[in-house]
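Colleague: Mind having a look at this structure? Questions to follow.
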Amino acid sequence: QVQLVESGGGSVQAGGSLRLSCATSGYTDSWASMAWFRQAPGKEREGVATIYTGTGNKYYTDSVKGRFTISQDNAKGTLYLQMSSLKPEDSAIYYCAAADSRAPGIIWYSDRRYNFWGQGTQVTVSS
């Protein structure tokens, strides 16, 4: 059974940093891509960042460019999101998502691309 488990969320003041982790298990092949999404109250879930496992290419939504960094440790089966210079508008539940080889070839920031999801971790940034 494939599992994605996020950790590292919490409460910080504006300007602070957090590092989210997503530990994967139960999957022996290589993911096509992995991503972080977030959803704030009353808003749609949005793609934050992605990494394509084969090429190592990374993409970010405009609002986090220069502040967030996505990375992965394949040996540990873990995806990370280093978040710096956090703003109150970054407050949301952050989700880890993974697309295997069966996943549809949809643009990275569409949640329909991913066929495995974590349960989410809360990030709260106070001003």
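Ordered as shown in the structure tokens, chains take letters A, B, and onward, while each chain numbers its residues from 1 and ligands are numbered from 1 in the order shown.
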Within 6 Å of region 122-127 of chain A, counting only C-alpha atoms, which residues qualify if same-chain residues fewer than 3 places away don't, as a PyMOL selection string?

Modeller: chain A and resi 9-14+88+91-93

Colleague: Please save C-alpha atoms of the selected residues as an mmCIF file, in the first residue's frame.

Modeller:
```
data_model
loop_
_atom_site.group_PDB
_atom_site.id
_atom_site.type_symbol
_atom_site.label_atom_id
_atom_site.label_comp_id
_atom_site.auth_asym_id
_atom_site.auth_seq_id
_atom_site.Cartn_x
_atom_site.Cartn_y
_atom_site.Cartn_z
ATOM 1 C CA GLY A 9 4.214 22.023 9.483
ATOM 2 C CA GLY A 10 3.643 24.449 12.305
ATOM 3 C CA SER A 11 3.204 28.070 13.286
ATOM 4 C CA VAL A 12 5.794 30.727 12.507
ATOM 5 C CA GLN A 13 5.979 34.483 12.303
ATOM 6 C CA ALA A 14 6.214 36.282 9.012
ATOM 7 C CA PRO A 88 0.721 35.241 6.135
ATOM 8 C CA SER A 91 -0.855 29.878 5.524
ATOM 9 C CA ALA A 92 -2.623 26.739 4.333
ATOM 10 C CA ILE A 93 -2.723 23.004 4.575
#
```

Colleague: Using only C-alpha atoms, determine which residues lie at most 12 Å from region 54-59 of chain A, disregarding the query and same-chain residues fewer than 6 positions distant; provide the list as a list in words.

Modeller: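 Non-adjacent residues within range: Asp29, Ser30, Trp31, Ala32, Ser33, Met34, Ala35, Trp36, Gly47, Val48, Lys65, Gly66, Phe68, Thr69, Ile70, Ser71, Gln72, Asp73, Asn74, Leu81, Asp100, Ser101, Ile107, Trp108 and Tyr109 of chain A.
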
Colleague: To test your reading of the structure, identify every residue in region 2-127 of chain A that backbone DSSP assigns to helix (DSSP H, G or I), and report it as a ChimeraX atom specification.

Modeller: /A:62-64,88-90,111-113

Colleague: Tell me which protein, DNA and RNA residues are within 7 Å of Ser85 (chain A), counting only C-alpha atoms, leaving out same-chain ones fewer than 4 positions away, and put them as a list in words.

Modeller: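 Everything that qualifies: Ala14, Gly15, Gly16, Ser17 and Arg67 of chain A.
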
Colleague: Could you list, as a list of chain:residue names, every residue within 7 Å of region 18-27 of chain A, counting only C-alpha atoms and ignoring same-chain residues fewer than 4 positions away?

Modeller: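 In the requested form, the answer reads A:Gln1, A:Val2, A:Gln3, A:Leu4, A:Val5, A:Glu6, A:Ser7, A:Gly8, A:Gly9, A:Gly77, A:Thr78, A:Leu79, A:Tyr80, A:Leu81, A:Gln82, A:Met83, A:Ser84, A:Cys96.
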
Colleague: Residues as selected, all heavy atoms, written as a tab-separated table (two decimals), in the first residue's frame, can you do that?

Modeller:
```tsv
chain	number	residue	atom	x	y	z
A	1	GLN	N	0.85	-1.19	0.00
A	1	GLN	CA	0.00	0.00	0.00
A	1	GLN	C	0.88	1.24	0.00
A	1	GLN	O	1.73	1.42	0.87
A	1	GLN	CB	-0.90	0.00	1.23
A	1	GLN	CG	-1.82	1.20	1.30
A	1	GLN	CD	-2.69	1.17	2.54
A	1	GLN	OE1	-2.61	0.24	3.34
A	1	GLN	NE2	-3.53	2.17	2.72
A	2	VAL	N	0.65	2.10	-0.97
A	2	VAL	CA	1.44	3.33	-1.07
A	2	VAL	C	0.96	4.34	-0.04
A	2	VAL	O	-0.24	4.57	0.11
A	2	VAL	CB	1.32	3.92	-2.48
A	2	VAL	CG1	2.08	5.23	-2.55
A	2	VAL	CG2	1.86	2.95	-3.52
A	3	GLN	N	1.92	4.94	0.66
A	3	GLN	CA	1.58	5.98	1.62
A	3	GLN	C	2.50	7.17	1.45
A	3	GLN	O	3.70	7.02	1.20
A	3	GLN	CB	1.70	5.44	3.05
A	3	GLN	CG	0.59	4.50	3.45
A	3	GLN	CD	0.61	4.19	4.94
A	3	GLN	OE1	1.66	3.94	5.51
A	3	GLN	NE2	-0.55	4.22	5.57
A	4	LEU	N	1.92	8.36	1.60
A	4	LEU	CA	2.67	9.60	1.63
A	4	LEU	C	2.31	10.28	2.95
A	4	LEU	O	1.13	10.50	3.22
A	4	LEU	CB	2.28	10.52	0.46
A	4	LEU	CG	2.88	10.25	-0.92
A	4	LEU	CD1	2.43	8.91	-1.48
A	4	LEU	CD2	2.52	11.37	-1.88
A	5	VAL	N	3.33	10.60	3.73
A	5	VAL	CA	3.09	11.17	5.05
A	5	VAL	C	3.89	12.46	5.19
A	5	VAL	O	5.13	12.44	5.18
A	5	VAL	CB	3.48	10.19	6.17
A	5	VAL	CG1	3.22	10.83	7.53
A	5	VAL	CG2	2.71	8.89	6.04
A	6	GLU	N	3.17	13.58	5.32
A	6	GLU	CA	3.82	14.88	5.48
A	6	GLU	C	4.13	15.16	6.94
A	6	GLU	O	3.44	14.67	7.85
A	6	GLU	CB	2.93	16.01	4.95
A	6	GLU	CG	2.51	15.90	3.50
A	6	GLU	CD	1.15	15.29	3.32
A	6	GLU	OE1	0.74	14.52	4.22
A	6	GLU	OE2	0.49	15.57	2.30
A	7	SER	N	5.14	15.97	7.15
A	7	SER	CA	5.49	16.45	8.48
A	7	SER	C	6.22	17.76	8.34
A	7	SER	O	6.62	18.15	7.24
A	7	SER	CB	6.36	15.42	9.22
A	7	SER	OG	7.57	15.21	8.53
A	8	GLY	N	6.40	18.45	9.45
A	8	GLY	CA	7.17	19.68	9.44
A	8	GLY	C	6.35	20.95	9.48
A	8	GLY	O	6.91	22.05	9.56
A	9	GLY	N	5.04	20.82	9.41
A	9	GLY	CA	4.21	22.02	9.48
A	9	GLY	C	4.24	22.61	10.89
A	9	GLY	O	4.76	22.02	11.82
A	77	GLY	N	13.52	8.18	-0.07
A	77	GLY	CA	12.12	8.21	-0.51
A	77	GLY	C	11.37	9.38	0.09
A	77	GLY	O	10.20	9.25	0.45
A	78	THR	N	12.04	10.51	0.19
A	78	THR	CA	11.45	11.67	0.86
A	78	THR	C	11.51	12.90	-0.03
A	78	THR	O	12.51	13.17	-0.67
A	78	THR	CB	12.18	11.95	2.18
A	78	THR	OG1	12.12	10.77	3.01
A	78	THR	CG2	11.52	13.10	2.92
A	79	LEU	N	10.41	13.62	-0.02
A	79	LEU	CA	10.29	14.90	-0.73
A	79	LEU	C	10.31	16.01	0.30
A	79	LEU	O	9.77	15.85	1.40
A	79	LEU	CB	8.97	14.93	-1.50
A	79	LEU	CG	8.67	16.18	-2.31
A	79	LEU	CD1	9.55	16.23	-3.56
A	79	LEU	CD2	7.19	16.21	-2.71
A	80	TYR	N	10.95	17.13	-0.05
A	80	TYR	CA	11.05	18.25	0.87
A	80	TYR	C	10.53	19.53	0.23
A	80	TYR	O	10.53	19.69	-0.99
A	80	TYR	CB	12.51	18.48	1.28
A	80	TYR	CG	13.16	17.30	1.94
A	80	TYR	CD1	14.00	16.44	1.21
A	80	TYR	CD2	12.95	17.03	3.28
A	80	TYR	CE1	14.60	15.35	1.81
A	80	TYR	CE2	13.56	15.93	3.89
A	80	TYR	CZ	14.38	15.10	3.15
A	80	TYR	OH	14.97	14.02	3.75
A	81	LEU	N	10.14	20.45	1.09
A	81	LEU	CA	9.83	21.81	0.65
A	81	LEU	C	10.42	22.75	1.69
A	81	LEU	O	9.92	22.83	2.81
A	81	LEU	CB	8.34	22.03	0.51
A	81	LEU	CG	7.96	23.41	-0.05
A	81	LEU	CD1	8.39	23.51	-1.52
A	81	LEU	CD2	6.46	23.67	0.06
A	82	GLN	N	11.50	23.41	1.31
A	82	GLN	CA	12.10	24.41	2.18
A	82	GLN	C	11.41	25.73	1.92
A	82	GLN	O	11.43	26.22	0.79
A	82	GLN	CB	13.61	24.53	1.91
A	82	GLN	CG	14.29	25.59	2.74
A	82	GLN	CD	14.31	25.26	4.22
A	82	GLN	OE1	14.66	24.15	4.62
A	82	GLN	NE2	13.94	26.22	5.05
A	83	MET	N	10.81	26.30	2.95
A	83	MET	CA	10.06	27.53	2.81
A	83	MET	C	10.73	28.62	3.64
A	83	MET	O	10.93	28.45	4.84
A	83	MET	CB	8.62	27.33	3.27
A	83	MET	CG	7.92	26.16	2.59
A	83	MET	SD	6.18	26.04	3.03
A	83	MET	CE	6.32	25.64	4.78
A	84	SER	N	11.07	29.71	2.98
A	84	SER	CA	11.73	30.82	3.66
A	84	SER	C	10.95	32.11	3.39
A	84	SER	O	10.11	32.16	2.49
A	84	SER	CB	13.16	30.98	3.16
A	84	SER	OG	13.90	29.79	3.35
A	96	CYS	N	1.38	16.76	0.00
A	96	CYS	CA	2.35	16.12	-0.87
A	96	CYS	C	1.57	15.27	-1.88
A	96	CYS	O	0.57	14.63	-1.52
A	96	CYS	CB	3.25	15.24	-0.02
A	96	CYS	SG	4.35	14.16	-0.92
```

Colleague: Could you produce a table of the residues of region 20-107 of chain A lying within 6 Å of region 112-120 of chain A, with the nearest pair of atoms per residue and their separation in Å rounded to one decimal, using only C-alpha atoms, ordered by chain and increasing residue number, as CSV?

Modeller:
```
residue,atom,partner,partner_atom,distance
A:Ile93,CA,A:Gly120,CA,5.8
A:Tyr94,CA,A:Gly120,CA,5.2
A:Tyr95,CA,A:Gly120,CA,4.4
A:Cys96,CA,A:Gly118,CA,5.3
A:Ala97,CA,A:Trp117,CA,4.5
A:Ala98,CA,A:Phe116,CA,5.2
A:Ala99,CA,A:Tyr114,CA,4.4
A:Ala103,CA,A:Arg113,CA,5.9
A:Pro104,CA,A:Arg113,CA,5.5
A:Ile106,CA,A:Arg113,CA,5.2
```

Colleague: Only N, CA and C atoms, please: the residues just picked out, written as an mmCIF file, in the first residue's frame.

Modeller:
```cif
data_model
loop_
_atom_site.group_PDB
_atom_site.id
_atom_site.type_symbol
_atom_site.label_atom_id
_atom_site.label_comp_id
_atom_site.auth_asym_id
_atom_site.auth_seq_id
_atom_site.Cartn_x
_atom_site.Cartn_y
_atom_site.Cartn_z
ATOM 1 N N ILE A 93 -3.099 24.403 4.410
ATOM 2 C CA ILE A 93 -2.723 23.004 4.575
ATOM 3 C C ILE A 93 -1.902 22.634 3.354
ATOM 4 N N TYR A 94 -0.740 22.073 3.587
ATOM 5 C CA TYR A 94 0.154 21.677 2.507
ATOM 6 C C TYR A 94 0.081 20.167 2.311
ATOM 7 N N TYR A 95 -0.067 19.793 1.048
ATOM 8 C CA TYR A 95 -0.204 18.393 0.678
ATOM 9 C C TYR A 95 0.938 17.956 -0.231
ATOM 10 N N CYS A 96 1.385 16.764 0.000
ATOM 11 C CA CYS A 96 2.348 16.118 -0.875
ATOM 12 C C CYS A 96 1.570 15.274 -1.878
ATOM 13 N N ALA A 97 2.014 15.279 -3.124
ATOM 14 C CA ALA A 97 1.343 14.506 -4.164
ATOM 15 C C ALA A 97 2.374 13.808 -5.038
ATOM 16 N N ALA A 98 2.006 12.655 -5.537
ATOM 17 C CA ALA A 98 2.917 11.889 -6.383
ATOM 18 C C ALA A 98 2.176 11.331 -7.589
ATOM 19 N N ALA A 99 2.876 11.339 -8.714
ATOM 20 C CA ALA A 99 2.324 10.797 -9.955
ATOM 21 C C ALA A 99 3.197 9.631 -10.397
ATOM 22 N N ALA A 103 -0.080 7.928 -14.307
ATOM 23 C CA ALA A 103 -0.757 9.211 -14.141
ATOM 24 C C ALA A 103 -0.899 9.921 -15.488
ATOM 25 N N PRO A 104 -1.970 10.643 -15.673
ATOM 26 C CA PRO A 104 -2.159 11.358 -16.941
ATOM 27 C C PRO A 104 -1.130 12.453 -17.132
ATOM 28 N N ILE A 106 -0.818 15.568 -17.506
ATOM 29 C CA ILE A 106 -1.477 16.868 -17.341
ATOM 30 C C ILE A 106 -0.482 17.833 -16.732
#
```

Colleague: Could you pull out the residues in chain A that DSSP calls strand (DSSP E or B) from the backbone, as a PDB file with C-alpha atoms, in the first residue's frame?

Modeller:
```pdb
ATOM      1  CA  GLN A   3       1.582   5.980   1.619  1.00  0.00           C
ATOM      2  CA  LEU A   4       2.667   9.603   1.628  1.00  0.00           C
ATOM      3  CA  VAL A   5       3.093  11.173   5.052  1.00  0.00           C
ATOM      4  CA  GLU A   6       3.817  14.878   5.481  1.00  0.00           C
ATOM      5  CA  SER A   7       5.488  16.446   8.481  1.00  0.00           C
ATOM      6  CA  GLY A  10       3.643  24.449  12.305  1.00  0.00           C
ATOM      7  CA  SER A  11       3.204  28.070  13.286  1.00  0.00           C
ATOM      8  CA  VAL A  12       5.794  30.727  12.507  1.00  0.00           C
ATOM      9  CA  GLN A  13       5.979  34.483  12.303  1.00  0.00           C
ATOM     10  CA  LEU A  18       9.878  25.896   7.766  1.00  0.00           C
ATOM     11  CA  ARG A  19      10.887  22.690   6.036  1.00  0.00           C
ATOM     12  CA  LEU A  20       8.175  20.256   5.092  1.00  0.00           C
ATOM     13  CA  SER A  21       8.929  16.597   4.526  1.00  0.00           C
ATOM     14  CA  CYS A  22       6.939  13.929   2.726  1.00  0.00           C
ATOM     15  CA  ALA A  23       7.959  10.359   3.432  1.00  0.00           C
ATOM     16  CA  THR A  24       6.836   7.794   0.885  1.00  0.00           C
ATOM     17  CA  SER A  25       6.477   4.072   1.377  1.00  0.00           C
ATOM     18  CA  SER A  33       6.894  13.513 -10.607  1.00  0.00           C
ATOM     19  CA  MET A  34       6.105  14.750  -7.144  1.00  0.00           C
ATOM     20  CA  ALA A  35       4.652  18.014  -5.987  1.00  0.00           C
ATOM     21  CA  TRP A  36       3.488  20.159  -3.135  1.00  0.00           C
ATOM     22  CA  PHE A  37       0.016  21.654  -3.148  1.00  0.00           C
ATOM     23  CA  ARG A  38      -1.671  23.881  -0.624  1.00  0.00           C
ATOM     24  CA  GLN A  39      -5.195  24.829   0.245  1.00  0.00           C
ATOM     25  CA  GLU A  46      -3.153  25.180  -5.768  1.00  0.00           C
ATOM     26  CA  GLY A  47       0.091  23.726  -6.977  1.00  0.00           C
ATOM     27  CA  VAL A  48       3.082  25.185  -5.163  1.00  0.00           C
ATOM     28  CA  ALA A  49       6.061  23.338  -6.601  1.00  0.00           C
ATOM     29  CA  THR A  50       6.940  20.196  -8.479  1.00  0.00           C
ATOM     30  CA  ILE A  51       9.963  18.115  -9.331  1.00  0.00           C
ATOM     31  CA  TYR A  52      10.176  15.733 -12.271  1.00  0.00           C
ATOM     32  CA  LYS A  58      11.580  21.957 -10.944  1.00  0.00           C
ATOM     33  CA  TYR A  59       8.725  24.399 -11.318  1.00  0.00           C
ATOM     34  CA  TYR A  60       7.163  26.820  -8.897  1.00  0.00           C
ATOM     35  CA  PHE A  68      10.560  28.045  -1.610  1.00  0.00           C
ATOM     36  CA  THR A  69      12.774  25.194  -2.761  1.00  0.00           C
ATOM     37  CA  ILE A  70      11.586  21.700  -3.604  1.00  0.00           C
ATOM     38  CA  SER A  71      13.975  18.782  -3.388  1.00  0.00           C
ATOM     39  CA  GLN A  72      13.976  15.049  -2.935  1.00  0.00           C
ATOM     40  CA  ASP A  73      16.168  12.383  -1.463  1.00  0.00           C
ATOM     41  CA  THR A  78      11.449  11.672   0.860  1.00  0.00           C
ATOM     42  CA  LEU A  79      10.289  14.897  -0.729  1.00  0.00           C
ATOM     43  CA  TYR A  80      11.053  18.251   0.873  1.00  0.00           C
ATOM     44  CA  LEU A  81       9.834  21.805   0.653  1.00  0.00           C
ATOM     45  CA  GLN A  82      12.101  24.411   2.182  1.00  0.00           C
ATOM     46  CA  MET A  83      10.055  27.533   2.805  1.00  0.00           C
ATOM     47  CA  ALA A  92      -2.623  26.739   4.333  1.00  0.00           C
ATOM     48  CA  ILE A  93      -2.723  23.004   4.575  1.00  0.00           C
ATOM     49  CA  TYR A  94       0.154  21.677   2.507  1.00  0.00           C
ATOM     50  CA  TYR A  95      -0.204  18.393   0.678  1.00  0.00           C
ATOM     51  CA  CYS A  96       2.348  16.118  -0.875  1.00  0.00           C
ATOM     52  CA  ALA A  97       1.343  14.506  -4.164  1.00  0.00           C
ATOM     53  CA  ALA A  98       2.917  11.889  -6.383  1.00  0.00           C
ATOM     54  CA  ALA A  99       2.324  10.797  -9.955  1.00  0.00           C
ATOM     55  CA  PHE A 116      -1.350   9.556  -4.657  1.00  0.00           C
ATOM     56  CA  TRP A 117      -1.802  12.148  -1.924  1.00  0.00           C
ATOM     57  CA  THR A 121       0.165  19.346   7.234  1.00  0.00           C
ATOM     58  CA  GLN A 122      -0.911  22.757   8.524  1.00  0.00           C
ATOM     59  CA  VAL A 123       1.274  25.813   8.045  1.00  0.00           C
ATOM     60  CA  THR A 124       0.274  29.002   9.821  1.00  0.00           C
ATOM     61  CA  VAL A 125       2.166  32.257   9.348  1.00  0.00           C
ATOM     62  CA  SER A 126       1.344  35.138  11.639  1.00  0.00           C
TER      63      SER A 126
END
```

Colleague: To one decimal place, how far is CA of Thr53 (chain A) from CA of Ala75 (chain A) in Å?

Modeller: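 Separation of CA of Thr53 (chain A) and CA of Ala75 (chain A): 12.6 Å.
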
Colleague: Just give me the gap between CA of Glu44 (chain A) and CA of Asp62 (chain A) in Å, one decimal is fine.

Modeller: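 Value for the CA of Glu44 (chain A)-CA of Asp62 (chain A) distance: 16.2 Å.
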